Every structure is written in structure tokens, then in C-alpha cells.
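The data block below is entry-v7.cif; it holds mmCIF, C-alpha atoms.
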data_run
#
loop_
_atom_site.group_PDB
_atom_site.id
_atom_site.type_symbol
_atom_site.label_atom_id
_atom_site.label_comp_id
_atom_site.auth_asym_id
_atom_site.auth_seq_id
_atom_site.Cartn_x
_atom_site.Cartn_y
_atom_site.Cartn_z
ATOM 1 C CA MET A 16 0.000 0.000 0.000
ATOM 2 C CA THR A 17 1.276 3.481 -0.931
ATOM 3 C CA ALA A 18 2.591 5.442 2.055
ATOM 4 C CA ILE A 19 0.717 8.671 2.724
ATOM 5 C CA SER A 20 2.766 11.701 3.709
ATOM 6 C CA PRO A 21 1.771 13.849 6.688
ATOM 7 C CA ALA A 22 0.894 16.702 4.304
ATOM 8 C CA ALA A 23 -1.436 14.529 2.235
ATOM 9 C CA ALA A 24 -2.961 13.014 5.358
ATOM 10 C CA ALA A 25 -3.725 16.488 6.714
ATOM 11 C CA LEU A 26 -5.343 17.512 3.423
ATOM 12 C CA HIS A 27 -7.586 14.463 3.495
ATOM 13 C CA SER A 28 -9.360 15.881 6.516
ATOM 14 C CA ARG A 29 -10.745 18.637 4.274
ATOM 15 C CA VAL A 30 -12.483 16.192 1.939
ATOM 16 C CA ALA A 31 -13.034 13.163 4.167
ATOM 17 C CA SER A 32 -16.809 13.459 3.819
ATOM 18 C CA PHE A 33 -16.489 12.865 0.066
ATOM 19 C CA ILE A 34 -13.387 10.699 -0.305
ATOM 20 C CA PRO A 35 -13.195 7.706 2.064
ATOM 21 C CA ALA A 36 -9.851 7.043 3.747
ATOM 22 C CA ILE A 37 -9.513 3.753 1.898
ATOM 23 C CA GLU A 38 -9.535 5.644 -1.433
ATOM 24 C CA TRP A 39 -7.157 8.415 -0.379
ATOM 25 C CA PRO A 40 -3.944 6.631 -1.462
ATOM 26 C CA VAL A 41 -5.210 6.930 -5.062
ATOM 27 C CA PHE A 42 -4.916 10.720 -4.744
ATOM 28 C CA SER A 43 -2.152 11.300 -2.205
ATOM 29 C CA GLY A 44 0.820 10.544 -4.463
ATOM 30 C CA ASP A 45 -0.250 13.095 -7.065
ATOM 31 C CA ILE A 46 -1.052 15.624 -4.350
ATOM 32 C CA ASP A 47 2.409 15.297 -2.791
ATOM 33 C CA ALA A 48 4.026 15.672 -6.207
ATOM 34 C CA ILE A 49 1.919 18.732 -7.066
ATOM 35 C CA LEU A 50 2.759 20.429 -3.765
ATOM 36 C CA ARG A 51 6.457 19.822 -4.397
ATOM 37 C CA LEU A 52 6.296 20.941 -8.025
ATOM 38 C CA LYS A 53 4.492 24.163 -7.137
ATOM 39 C CA LEU A 54 7.447 25.132 -4.966
ATOM 40 C CA GLU A 55 10.009 24.080 -7.555
ATOM 41 C CA ARG A 56 8.291 25.933 -10.411
ATOM 42 C CA ASN A 57 7.098 28.926 -8.372
ATOM 43 C CA ALA A 58 3.634 27.992 -9.589
ATOM 44 C CA VAL A 59 0.083 28.570 -8.426
ATOM 45 C CA ILE A 60 -3.055 26.678 -9.307
ATOM 46 C CA LEU A 61 -6.262 28.521 -10.114
ATOM 47 C CA ALA A 62 -9.319 26.268 -9.823
ATOM 48 C CA HIS A 63 -12.870 26.971 -10.914
ATOM 49 C CA ASN A 64 -15.803 26.113 -8.647
ATOM 50 C CA TYR A 65 -16.646 23.145 -10.897
ATOM 51 C CA GLN A 66 -13.421 21.308 -10.134
ATOM 52 C CA THR A 67 -13.618 18.154 -8.024
ATOM 53 C CA PRO A 68 -12.956 18.423 -4.260
ATOM 54 C CA GLU A 69 -9.496 16.843 -4.314
ATOM 55 C CA ILE A 70 -8.395 19.618 -6.700
ATOM 56 C CA PHE A 71 -10.484 22.457 -5.295
ATOM 57 C CA HIS A 72 -9.728 21.869 -1.611
ATOM 58 C CA CYS A 73 -6.340 20.161 -1.690
ATOM 59 C CA VAL A 74 -4.021 21.631 -4.337
ATOM 60 C CA ALA A 75 -5.626 24.889 -5.532
ATOM 61 C CA ASP A 76 -4.209 28.208 -4.346
ATOM 62 C CA ILE A 77 -6.979 30.422 -5.753
ATOM 63 C CA VAL A 78 -10.556 29.248 -6.240
ATOM 64 C CA GLY A 79 -13.758 30.834 -7.400
ATOM 65 C CA ASP A 80 -15.982 31.638 -10.345
ATOM 66 C CA SER A 81 -14.660 33.040 -13.605
ATOM 67 C CA LEU A 82 -14.824 36.644 -12.394
ATOM 68 C CA ALA A 83 -12.938 35.873 -9.181
ATOM 69 C CA LEU A 84 -10.256 33.965 -11.079
ATOM 70 C CA ALA A 85 -9.904 36.801 -13.609
ATOM 71 C CA ARG A 86 -9.491 39.378 -10.846
ATOM 72 C CA LYS A 87 -7.154 37.349 -8.656
ATOM 73 C CA ALA A 88 -4.994 36.301 -11.596
ATOM 74 C CA MET A 89 -3.900 39.941 -11.864
ATOM 75 C CA ASP A 90 -2.306 39.783 -8.403
ATOM 76 C CA VAL A 91 -0.455 36.507 -8.860
ATOM 77 C CA GLU A 92 3.288 36.805 -8.259
ATOM 78 C CA ALA A 93 4.204 33.296 -9.362
ATOM 79 C CA ASP A 94 6.104 32.529 -12.563
ATOM 80 C CA VAL A 95 3.686 29.800 -13.615
ATOM 81 C CA ILE A 96 -0.108 29.641 -13.476
ATOM 82 C CA VAL A 97 -1.890 26.306 -13.886
ATOM 83 C CA LEU A 98 -5.533 26.812 -14.769
ATOM 84 C CA ALA A 99 -7.700 23.987 -13.435
ATOM 85 C CA GLY A 100 -10.687 24.830 -15.582
ATOM 86 C CA VAL A 101 -11.507 25.143 -19.256
ATOM 87 C CA HIS A 102 -9.530 26.701 -22.086
ATOM 88 C CA PHE A 103 -11.185 30.129 -22.214
ATOM 89 C CA MET A 104 -10.331 30.586 -18.516
ATOM 90 C CA ALA A 105 -6.691 29.799 -19.216
ATOM 91 C CA GLU A 106 -6.730 32.334 -22.053
ATOM 92 C CA SER A 107 -8.212 34.950 -19.702
ATOM 93 C CA ALA A 108 -5.425 34.293 -17.190
ATOM 94 C CA LYS A 109 -2.859 34.686 -19.973
ATOM 95 C CA LEU A 110 -4.465 37.918 -21.176
ATOM 96 C CA LEU A 111 -4.118 39.434 -17.710
ATOM 97 C CA ASN A 112 -0.676 37.931 -17.076
ATOM 98 C CA PRO A 113 1.107 38.142 -20.439
ATOM 99 C CA GLY A 114 4.539 37.823 -18.867
ATOM 100 C CA LYS A 115 3.754 34.594 -17.040
ATOM 101 C CA ILE A 116 3.579 31.012 -18.251
ATOM 102 C CA VAL A 117 -0.019 29.806 -18.172
ATOM 103 C CA LEU A 118 -0.610 26.069 -18.471
ATOM 104 C CA ILE A 119 -3.804 24.135 -19.059
ATOM 105 C CA PRO A 120 -3.549 20.454 -18.093
ATOM 106 C CA ASP A 121 -5.754 19.228 -20.958
ATOM 107 C CA MET A 122 -6.167 21.052 -24.255
ATOM 108 C CA GLY A 123 -9.460 19.235 -24.766
ATOM 109 C CA ALA A 124 -11.073 21.081 -21.844
ATOM 110 C CA GLY A 125 -13.320 23.286 -23.955
ATOM 111 C CA CYS A 126 -16.766 24.829 -23.564
ATOM 112 C CA SER A 127 -19.986 24.491 -25.541
ATOM 113 C CA LEU A 128 -20.599 28.226 -25.206
ATOM 114 C CA ALA A 129 -17.129 29.138 -26.438
ATOM 115 C CA ASP A 130 -17.634 26.793 -29.388
ATOM 116 C CA SER A 131 -20.987 28.379 -30.279
ATOM 117 C CA ILE A 132 -19.600 31.645 -31.681
ATOM 118 C CA THR A 133 -16.717 32.868 -33.846
ATOM 119 C CA PRO A 134 -15.182 36.261 -34.586
ATOM 120 C CA ASP A 135 -16.913 36.218 -37.970
ATOM 121 C CA ASP A 136 -20.266 35.799 -36.202
ATOM 122 C CA ILE A 137 -19.649 38.969 -34.206
ATOM 123 C CA ARG A 138 -18.627 40.910 -37.294
ATOM 124 C CA LEU A 139 -21.862 39.845 -38.979
ATOM 125 C CA MET A 140 -23.874 40.865 -35.902
ATOM 126 C CA ARG A 141 -22.246 44.306 -36.030
ATOM 127 C CA GLN A 142 -23.217 44.638 -39.685
ATOM 128 C CA ARG A 143 -26.790 43.667 -38.858
ATOM 129 C CA HIS A 144 -26.969 46.007 -35.850
ATOM 130 C CA PRO A 145 -24.628 48.931 -36.598
ATOM 131 C CA GLY A 146 -23.570 51.055 -33.676
ATOM 132 C CA ILE A 147 -24.851 48.616 -31.017
ATOM 133 C CA PRO A 148 -22.145 47.717 -28.457
ATOM 134 C CA VAL A 149 -21.206 44.066 -28.054
ATOM 135 C CA VAL A 150 -21.096 42.573 -24.550
ATOM 136 C CA THR A 151 -19.379 39.200 -24.639
ATOM 137 C CA TYR A 152 -19.560 36.574 -21.917
ATOM 138 C CA VAL A 153 -16.143 35.476 -20.673
ATOM 139 C CA ASN A 154 -17.042 31.927 -21.763
ATOM 140 C CA THR A 155 -15.546 32.683 -25.169
ATOM 141 C CA SER A 156 -12.215 32.509 -26.953
ATOM 142 C CA ALA A 157 -9.730 35.356 -26.906
ATOM 143 C CA ALA A 158 -10.386 35.868 -30.622
ATOM 144 C CA VAL A 159 -14.077 36.462 -29.882
ATOM 145 C CA LYS A 160 -13.291 38.780 -26.967
ATOM 146 C CA ALA A 161 -11.087 40.779 -29.332
ATOM 147 C CA GLU A 162 -14.121 41.561 -31.495
ATOM 148 C CA SER A 163 -16.114 42.773 -28.480
ATOM 149 C CA ASP A 164 -16.505 46.090 -26.697
ATOM 150 C CA ILE A 165 -16.592 44.669 -23.185
ATOM 151 C CA CYS A 166 -16.783 41.299 -21.445
ATOM 152 C CA CYS A 167 -19.039 40.143 -18.635
ATOM 153 C CA THR A 168 -19.561 37.163 -16.362
ATOM 154 C CA SER A 169 -22.779 35.726 -14.990
ATOM 155 C CA GLY A 170 -22.018 37.595 -11.774
ATOM 156 C CA ASN A 171 -21.617 41.076 -13.241
ATOM 157 C CA ALA A 172 -23.599 40.914 -16.517
ATOM 158 C CA LYS A 173 -26.375 43.268 -15.412
ATOM 159 C CA ALA A 174 -23.906 45.837 -14.083
ATOM 160 C CA VAL A 175 -21.851 45.653 -17.286
ATOM 161 C CA VAL A 176 -24.895 46.039 -19.545
ATOM 162 C CA GLU A 177 -26.169 49.032 -17.603
ATOM 163 C CA SER A 178 -22.713 50.617 -17.327
ATOM 164 C CA LEU A 179 -22.715 51.337 -21.056
ATOM 165 C CA GLY A 180 -25.554 53.838 -20.757
ATOM 166 C CA VAL A 181 -27.211 52.793 -24.022
ATOM 167 C CA PRO A 182 -30.750 51.577 -24.793
ATOM 168 C CA ARG A 183 -29.687 48.416 -26.683
ATOM 169 C CA VAL A 184 -26.781 45.983 -26.518
ATOM 170 C CA ILE A 185 -25.778 42.802 -28.265
ATOM 171 C CA MET A 186 -25.048 40.119 -25.665
ATOM 172 C CA LEU A 187 -23.202 36.967 -26.724
ATOM 173 C CA PRO A 188 -23.164 33.995 -26.791
ATOM 174 C CA ASP A 189 -25.444 32.581 -24.043
ATOM 175 C CA GLU A 190 -29.062 33.067 -25.049
ATOM 176 C CA TYR A 191 -30.438 32.145 -21.634
ATOM 177 C CA LEU A 192 -28.089 34.418 -19.710
ATOM 178 C CA ALA A 193 -29.064 37.243 -22.051
ATOM 179 C CA GLN A 194 -32.766 36.544 -21.547
ATOM 180 C CA ASN A 195 -32.377 36.366 -17.778
ATOM 181 C CA ILE A 196 -30.506 39.678 -17.708
ATOM 182 C CA ALA A 197 -33.110 41.225 -20.021
ATOM 183 C CA ASN A 198 -35.718 40.378 -17.379
ATOM 184 C CA GLN A 199 -33.773 42.470 -14.846
ATOM 185 C CA THR A 200 -33.062 45.621 -16.847
ATOM 186 C CA ASP A 201 -34.713 48.168 -19.129
ATOM 187 C CA VAL A 202 -31.861 47.804 -21.624
ATOM 188 C CA GLU A 203 -32.974 45.925 -24.743
ATOM 189 C CA ILE A 204 -30.758 42.901 -25.292
ATOM 190 C CA ILE A 205 -30.124 41.258 -28.640
ATOM 191 C CA ALA A 206 -29.105 37.662 -27.952
ATOM 192 C CA TRP A 207 -27.186 34.893 -29.690
ATOM 193 C CA LYS A 208 -28.272 31.237 -29.705
ATOM 194 C CA GLY A 209 -25.483 29.664 -27.680
ATOM 195 C CA HIS A 210 -26.275 27.421 -24.704
ATOM 196 C CA CYS A 211 -24.322 25.730 -21.920
ATOM 197 C CA GLU A 212 -24.662 21.971 -22.304
ATOM 198 C CA VAL A 213 -24.796 21.607 -18.514
ATOM 199 C CA HIS A 214 -27.391 24.228 -17.637
ATOM 200 C CA GLU A 215 -29.677 23.916 -20.644
ATOM 201 C CA ARG A 216 -30.711 20.435 -19.479
ATOM 202 C CA PHE A 217 -32.430 21.655 -16.309
ATOM 203 C CA THR A 218 -36.200 22.081 -16.564
ATOM 204 C CA PRO A 219 -38.986 23.611 -14.439
ATOM 205 C CA GLY A 220 -40.289 20.066 -14.026
ATOM 206 C CA ASP A 221 -37.026 19.117 -12.308
ATOM 207 C CA ILE A 222 -37.619 21.820 -9.711
ATOM 208 C CA ARG A 223 -41.248 20.897 -9.158
ATOM 209 C CA GLU A 224 -40.275 17.253 -8.619
ATOM 210 C CA LEU A 225 -37.615 18.322 -6.127
ATOM 211 C CA ARG A 226 -40.070 20.435 -4.172
ATOM 212 C CA ALA A 227 -42.550 17.546 -4.067
ATOM 213 C CA ALA A 228 -39.894 15.093 -2.861
ATOM 214 C CA HIS A 229 -38.184 17.507 -0.441
ATOM 215 C CA PRO A 230 -40.710 19.958 1.060
ATOM 216 C CA GLY A 231 -39.133 23.256 2.060
ATOM 217 C CA ILE A 232 -36.073 22.827 -0.137
ATOM 218 C CA ILE A 233 -34.392 26.024 -1.345
ATOM 219 C CA VAL A 234 -33.573 26.013 -5.059
ATOM 220 C CA LEU A 235 -30.630 28.029 -6.383
ATOM 221 C CA ALA A 236 -30.186 28.290 -10.154
ATOM 222 C CA HIS A 237 -27.362 29.504 -12.346
ATOM 223 C CA PRO A 238 -28.397 32.227 -14.847
ATOM 224 C CA GLU A 239 -27.209 30.045 -17.721
ATOM 225 C CA CYS A 240 -30.338 27.966 -17.025
ATOM 226 C CA PRO A 241 -33.430 28.629 -19.175
ATOM 227 C CA PRO A 242 -35.512 31.601 -17.936
ATOM 228 C CA GLU A 243 -38.413 29.333 -16.965
ATOM 229 C CA VAL A 244 -36.023 27.444 -14.645
ATOM 230 C CA VAL A 245 -34.771 30.685 -13.101
ATOM 231 C CA ALA A 246 -38.407 31.756 -12.600
ATOM 232 C CA GLU A 247 -39.115 28.557 -10.631
ATOM 233 C CA ALA A 248 -36.029 28.947 -8.423
ATOM 234 C CA ASP A 249 -35.797 30.777 -5.104
ATOM 235 C CA PHE A 250 -32.574 32.501 -6.101
ATOM 236 C CA ALA A 251 -30.487 32.842 -9.255
ATOM 237 C CA GLY A 252 -26.864 33.886 -9.406
ATOM 238 C CA SER A 253 -23.322 33.046 -10.367
ATOM 239 C CA THR A 254 -21.489 30.193 -8.696
ATOM 240 C CA ALA A 255 -19.958 32.707 -6.269
ATOM 241 C CA ALA A 256 -23.379 34.180 -5.512
ATOM 242 C CA MET A 257 -24.845 30.726 -4.879
ATOM 243 C CA SER A 258 -22.004 29.867 -2.524
ATOM 244 C CA ASP A 259 -22.455 33.171 -0.707
ATOM 245 C CA TYR A 260 -26.196 32.541 -0.414
ATOM 246 C CA VAL A 261 -25.618 29.201 1.300
ATOM 247 C CA GLY A 262 -23.089 30.725 3.669
ATOM 248 C CA GLN A 263 -25.271 33.667 4.601
ATOM 249 C CA GLU A 264 -28.747 32.119 4.657
ATOM 250 C CA LYS A 265 -27.804 28.644 5.945
ATOM 251 C CA PRO A 266 -30.843 26.882 4.424
ATOM 252 C CA ALA A 267 -31.626 23.545 6.068
ATOM 253 C CA ARG A 268 -31.862 21.865 2.671
ATOM 254 C CA VAL A 269 -30.735 23.227 -0.674
ATOM 255 C CA VAL A 270 -30.208 22.244 -4.284
ATOM 256 C CA LEU A 271 -27.870 23.985 -6.725
ATOM 257 C CA MET A 272 -29.021 23.790 -10.336
ATOM 258 C CA THR A 273 -25.543 23.767 -11.811
ATOM 259 C CA GLU A 274 -22.497 21.522 -12.307
ATOM 260 C CA CYS A 275 -22.114 18.619 -9.877
ATOM 261 C CA SER A 276 -18.820 19.464 -8.212
ATOM 262 C CA MET A 277 -20.111 22.885 -7.183
ATOM 263 C CA SER A 278 -22.419 21.255 -4.634
ATOM 264 C CA ASP A 279 -19.618 19.031 -3.343
ATOM 265 C CA ASN A 280 -17.273 21.984 -2.781
ATOM 266 C CA VAL A 281 -19.872 24.157 -1.059
ATOM 267 C CA ALA A 282 -21.096 21.227 1.052
ATOM 268 C CA ILE A 283 -17.587 20.707 2.409
ATOM 269 C CA GLU A 284 -17.609 24.304 3.661
ATOM 270 C CA HIS A 285 -21.133 24.027 5.124
ATOM 271 C CA PRO A 286 -21.608 20.539 6.627
ATOM 272 C CA GLU A 287 -24.659 21.765 8.539
ATOM 273 C CA VAL A 288 -26.593 22.207 5.274
ATOM 274 C CA GLU A 289 -28.164 19.225 3.499
ATOM 275 C CA PHE A 290 -27.453 19.261 -0.236
ATOM 276 C CA ILE A 291 -29.710 17.477 -2.711
ATOM 277 C CA ARG A 292 -27.844 16.777 -5.949
ATOM 278 C CA PRO A 293 -29.774 16.385 -9.215
ATOM 279 C CA CYS A 294 -26.776 17.980 -10.921
ATOM 280 C CA ASN A 295 -25.331 17.726 -14.430
ATOM 281 C CA LEU A 296 -21.671 16.952 -15.103
ATOM 282 C CA CYS A 297 -19.546 19.191 -17.316
ATOM 283 C CA PRO A 298 -17.473 16.770 -19.427
ATOM 284 C CA HIS A 299 -14.928 19.497 -20.148
ATOM 285 C CA MET A 300 -14.272 20.421 -16.526
ATOM 286 C CA LYS A 301 -13.911 16.750 -15.689
ATOM 287 C CA ARG A 302 -11.009 16.444 -18.120
ATOM 288 C CA ILE A 303 -8.892 18.211 -15.491
ATOM 289 C CA THR A 304 -7.475 15.726 -12.974
ATOM 290 C CA LEU A 305 -4.759 15.571 -10.352
ATOM 291 C CA ALA A 306 -2.753 13.390 -12.714
ATOM 292 C CA ASN A 307 -2.728 15.858 -15.581
ATOM 293 C CA ILE A 308 -2.143 18.829 -13.261
ATOM 294 C CA ARG A 309 0.932 16.960 -12.057
ATOM 295 C CA ALA A 310 1.970 16.176 -15.638
ATOM 296 C CA ALA A 311 1.495 19.813 -16.624
ATOM 297 C CA LEU A 312 3.881 20.949 -13.895
ATOM 298 C CA GLU A 313 6.382 18.157 -14.547
ATOM 299 C CA GLY A 314 6.626 18.781 -18.285
ATOM 300 C CA MET A 315 5.414 22.405 -18.452
ATOM 301 C CA ARG A 316 2.735 21.001 -20.717
ATOM 302 C CA HIS A 317 0.191 22.892 -22.761
ATOM 303 C CA PRO A 318 1.329 26.508 -22.429
ATOM 304 C CA VAL A 319 -1.368 28.934 -23.551
ATOM 305 C CA THR A 320 -0.372 31.288 -26.355
ATOM 306 C CA ILE A 321 -2.413 34.119 -27.867
ATOM 307 C CA ASP A 322 -1.596 36.083 -31.001
ATOM 308 C CA PRO A 323 -0.260 39.443 -29.773
ATOM 309 C CA ALA A 324 -2.586 41.468 -32.007
ATOM 310 C CA VAL A 325 -5.581 39.510 -30.715
ATOM 311 C CA ALA A 326 -4.372 39.708 -27.124
ATOM 312 C CA VAL A 327 -4.204 43.514 -27.083
ATOM 313 C CA ARG A 328 -7.840 43.877 -28.149
ATOM 314 C CA ALA A 329 -9.129 40.992 -26.031
ATOM 315 C CA ARG A 330 -7.313 42.297 -22.948
ATOM 316 C CA LEU A 331 -8.995 45.656 -23.382
ATOM 317 C CA ALA A 332 -12.449 44.046 -23.344
ATOM 318 C CA VAL A 333 -11.592 42.108 -20.176
ATOM 319 C CA GLU A 334 -10.046 45.138 -18.461
ATOM 320 C CA ARG A 335 -13.139 47.193 -19.245
ATOM 321 C CA MET A 336 -15.193 44.528 -17.486
ATOM 322 C CA LEU A 337 -12.926 44.524 -14.458
ATOM 323 C CA ALA A 338 -13.245 48.294 -14.199
ATOM 324 C CA VAL A 339 -17.037 48.129 -13.820
#
I'd like the structure from this file rewritten - as C-alpha cells, please.
Amino acid sequence: MTAISPAAAALHSRVASFIPAIEWPVFSGDIDAILRLKLERNAVILAHNYQTPEIFHCVADIVGDSLALARKAMDVEADVIVLAGVHFMAESAKLLNPGKIVLIPDMGAGCSLADSITPDDIRLMRQRHPGIPVVTYVNTSAAVKAESDICCTSGNAKAVVESLGVPRVIMLPDEYLAQNIANQTDVEIIAWKGHCEVHERFTPGDIRELRAAHPGIIVLAHPECPPEVVAEADFAGSTAAMSDYVGQEKPARVVLMTECSMSDNVAIEHPEVEFIRPCNLCPHMKRITLANIRAALEGMRHPVTIDPAVAVRARLAVERMLAV
């Protein structure tokens, strides 16, 4: 049986409610190696809320939703950033840290939203709606951001839209996020037809079944869910907002209509709350593992590069968002 170091044993206490002690040796070797390699490489790991608990709670240095990662990446003093998330997040980290090495452990960790739109699509939308500013969700490639006026996340989309002081905006690429924001503002929003493959699968019927099976349950929905799902929920917000809601309100029983690992990570922080989990897995997020984080640090694998001309324009759109 593989010996477990004191450091790995101590980390297991953080996730013991989700990873039994008998299974911990499967993870501990990679964890020890990652901790050592971070010191050797002067590296930090940024992990999105959808990462699994052994990554999120045991090797990550900075965790959060896409907005939090974008903001905190600007203050990173390490030489190397490993992005435990999907490719557009790694590009965002590179945009804000052009002098640092940014690694993504698996180049196949993509995003259905990012794949739903191209720079040519934005140029055509501008031709169709001349003079209308383009607000682009961060779940997009750097090349798409470069064609945009400003970026947004699910957490700041309303503030970004209203900050422009115009009656109409184009908001890309998530149709449901755009519709949900349109329901909260007087600004007219022209939407694209992109959807998140995780959140688009939730239905109002799912919520009604949950309420019937678990009376009194509090339902939190991500704004990438269809508007009729958001309307059925008790609260809608970004992953950070959902986590904050649980911490502040302490509901006896809650369900998060989002990616599966989100519930696991929040539950670890709030063991007094009962979590019901009819979640959907993101196949892209689940491509990131301890093993390929370790391999990324060992071989400096999959450095993120962005064409300098694209990077200048994309960085401007992200920086405008961060200034809101």
C-alpha cells in the first residue's frame, strides 16, 4: 500500500466526507508531487468552482468563479499559473498575465458556449446592428473577446450592460443568460443562440419534482439555465453568488441547479446544510485531474499562447469589465 505523507494526510481531513480514507492513497501521491512541483516551479493553481474536491480543496491556491479567477490572476506573483478549468479561462489568465507562463492540463477542456460563436459571427452581428455595443460573456475565446466592446460574467452581466448607458446591446453567446438579464433591466438585449450543455438540461419540471420530494427545499439556479427554470427557483446567481447565499442564509436543505462538483465543494464548507444533488456533469471540466495537473507541472505542458494582435484587443475588453 502506498505510504501517505503527513501533508497529504492532513489535506484528506478537508475532503473526508467525500473521499473515504480507503480511497485516499489513489490521490495522495499526485497531491504530494503537485505540492512539491508548485514550490520548484514557483507555480500557483487557479481552480474553478466546478473542479472536483481533491483539486479544489487540496491543491488549488486560488478558487472561485470566472470573475474571481480573472481578478485574482492579476495579483499573482508566481512565474507559472496552472488553470484547473476550461480553455477560455486559461486564455483569460494569460491575457491578464502576459509575462507569465499559463498552463492548461488538458487542451481538450473546452466549452460548448465558447464553441458556439466565432469572430466572424460577431462581425456579422455588427453589420446587422450597426452602432450597437457588443457585450461578450467570458465563456468565449480570446479571438471572440477581441471583437467585443466589453466582457461580462454571470455575476456582473447586469452591471456591465447598464454601465454602457445605451438603450440596446448585443449580448453573446449565451441566449439564456441574455434573456435572464433582459428580465432584470430596461436595456434591450439582442441575444445569440449559444447554450451551456450543462445548464440547458435543467427544466422547471425538475424543480417541481424536487419540491414535491423535499418539502421546504431552497432552489438556487445559475443564470445560464433557461428563464423558466430561473423563474421557478428561489434565487439565481453566479457560482460565487450561490455559494455566498448558502453561507449567509444557511438553508436547512438546498439544491444547486448547476455543475455537480459545485455542490460538493460548497457542502464541504457548510456541513450543517443538506445538499440534494440532481446535478449535471460538465465533461470538459472533468477532463482536469490531479494526474494531468501533475503532468502539466512536470513537463510544463500545454502553455497557452495568444496572437499578440488579438491579445491587445481581447485584454482591453476584459479590463473594461474589471473596471465596472
With all atoms listed in the file as the basis for distance, which of A:Val325, A:Ala88, A:Ala306, A:Ala332 is at the shortest distance from Pro134 of chain A?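 Nearest candidate to Pro134 of chain A out of A:Val325, A:Ala88, A:Ala306, A:Ala332: A:Val325.
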Give me the residues near Pro188 of chain A as a ChimeraX atom specification, where near means some atom within 8 Å (using all atoms listed in the file) and where sequence neighbours in that chain fewer than 4 positions away do not count. /A:128-129,131-132,151-152,155,206-210
Writing out the chosen residues with C-alpha atoms as a PDB file, keeping the file's coordinate frame:
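Contents of the output file result11.pdb:
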ATOM      1  CA  LEU A 128     -20.599  28.226 -25.206  1.00  0.00           C
ATOM      2  CA  ALA A 129     -17.129  29.138 -26.438  1.00  0.00           C
ATOM      3  CA  SER A 131     -20.987  28.379 -30.279  1.00  0.00           C
ATOM      4  CA  ILE A 132     -19.600  31.645 -31.681  1.00  0.00           C
ATOM      5  CA  THR A 151     -19.379  39.200 -24.639  1.00  0.00           C
ATOM      6  CA  TYR A 152     -19.560  36.574 -21.917  1.00  0.00           C
ATOM      7  CA  THR A 155     -15.546  32.683 -25.169  1.00  0.00           C
ATOM      8  CA  ALA A 206     -29.105  37.662 -27.952  1.00  0.00           C
ATOM      9  CA  TRP A 207     -27.186  34.893 -29.690  1.00  0.00           C
ATOM     10  CA  LYS A 208     -28.272  31.237 -29.705  1.00  0.00           C
ATOM     11  CA  GLY A 209     -25.483  29.664 -27.680  1.00  0.00           C
ATOM     12  CA  HIS A 210     -26.275  27.421 -24.704  1.00  0.00           C
TER      13      HIS A 210
END
Counting all atoms listed in the file, the option among A:Ser20, A:Val74, A:Pro120, A:Leu82 closest to Ile308 of chain A: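 Counting all atoms listed in the file, the residue closest to Ile308 of chain A is A:Pro120.
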Write out as a ChimeraX atom specification which residues come within 12 Å of Ile232 of chain A when counting all atoms listed in the file, dropping same-chain ones fewer than 2 positions away. /A:222-230,234-235,248-250,265-271,288-292
Which residues, named as in the file, does the PyMOL selection byres ((chain A and resi 33-45) around 7) pick out? Answer as JSON, numbers by chain. {"A": [17, 19, 23, 30, 31, 32, 46, 47, 48, 49, 305, 306, 309]}
Set the distance at 7 Å and use only C-alpha atoms: which residues neighbour segment 163-176 of chain A once local chain neighbours fewer than 3 positions away are removed? I'd like the list as number ranges by chain. A: 81-82, 148-153, 159-160, 179, 196, 238, 252-253, 332-333, 335-336, 339
Could you tell me how far atom CA of Val95 of chain A lies from atom CA of Leu26 of chain A, in Å and to one decimal? 22.9 Å
Considering only C-alpha atoms, can you say which of A:Ile77, A:Asp136, A:Ala157, A:Arg86 comes closest to Ala324 of chain A?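 Of A:Ile77, A:Asp136, A:Ala157, A:Arg86, the one nearest Ala324 of chain A, counting only C-alpha atoms, is A:Ala157.
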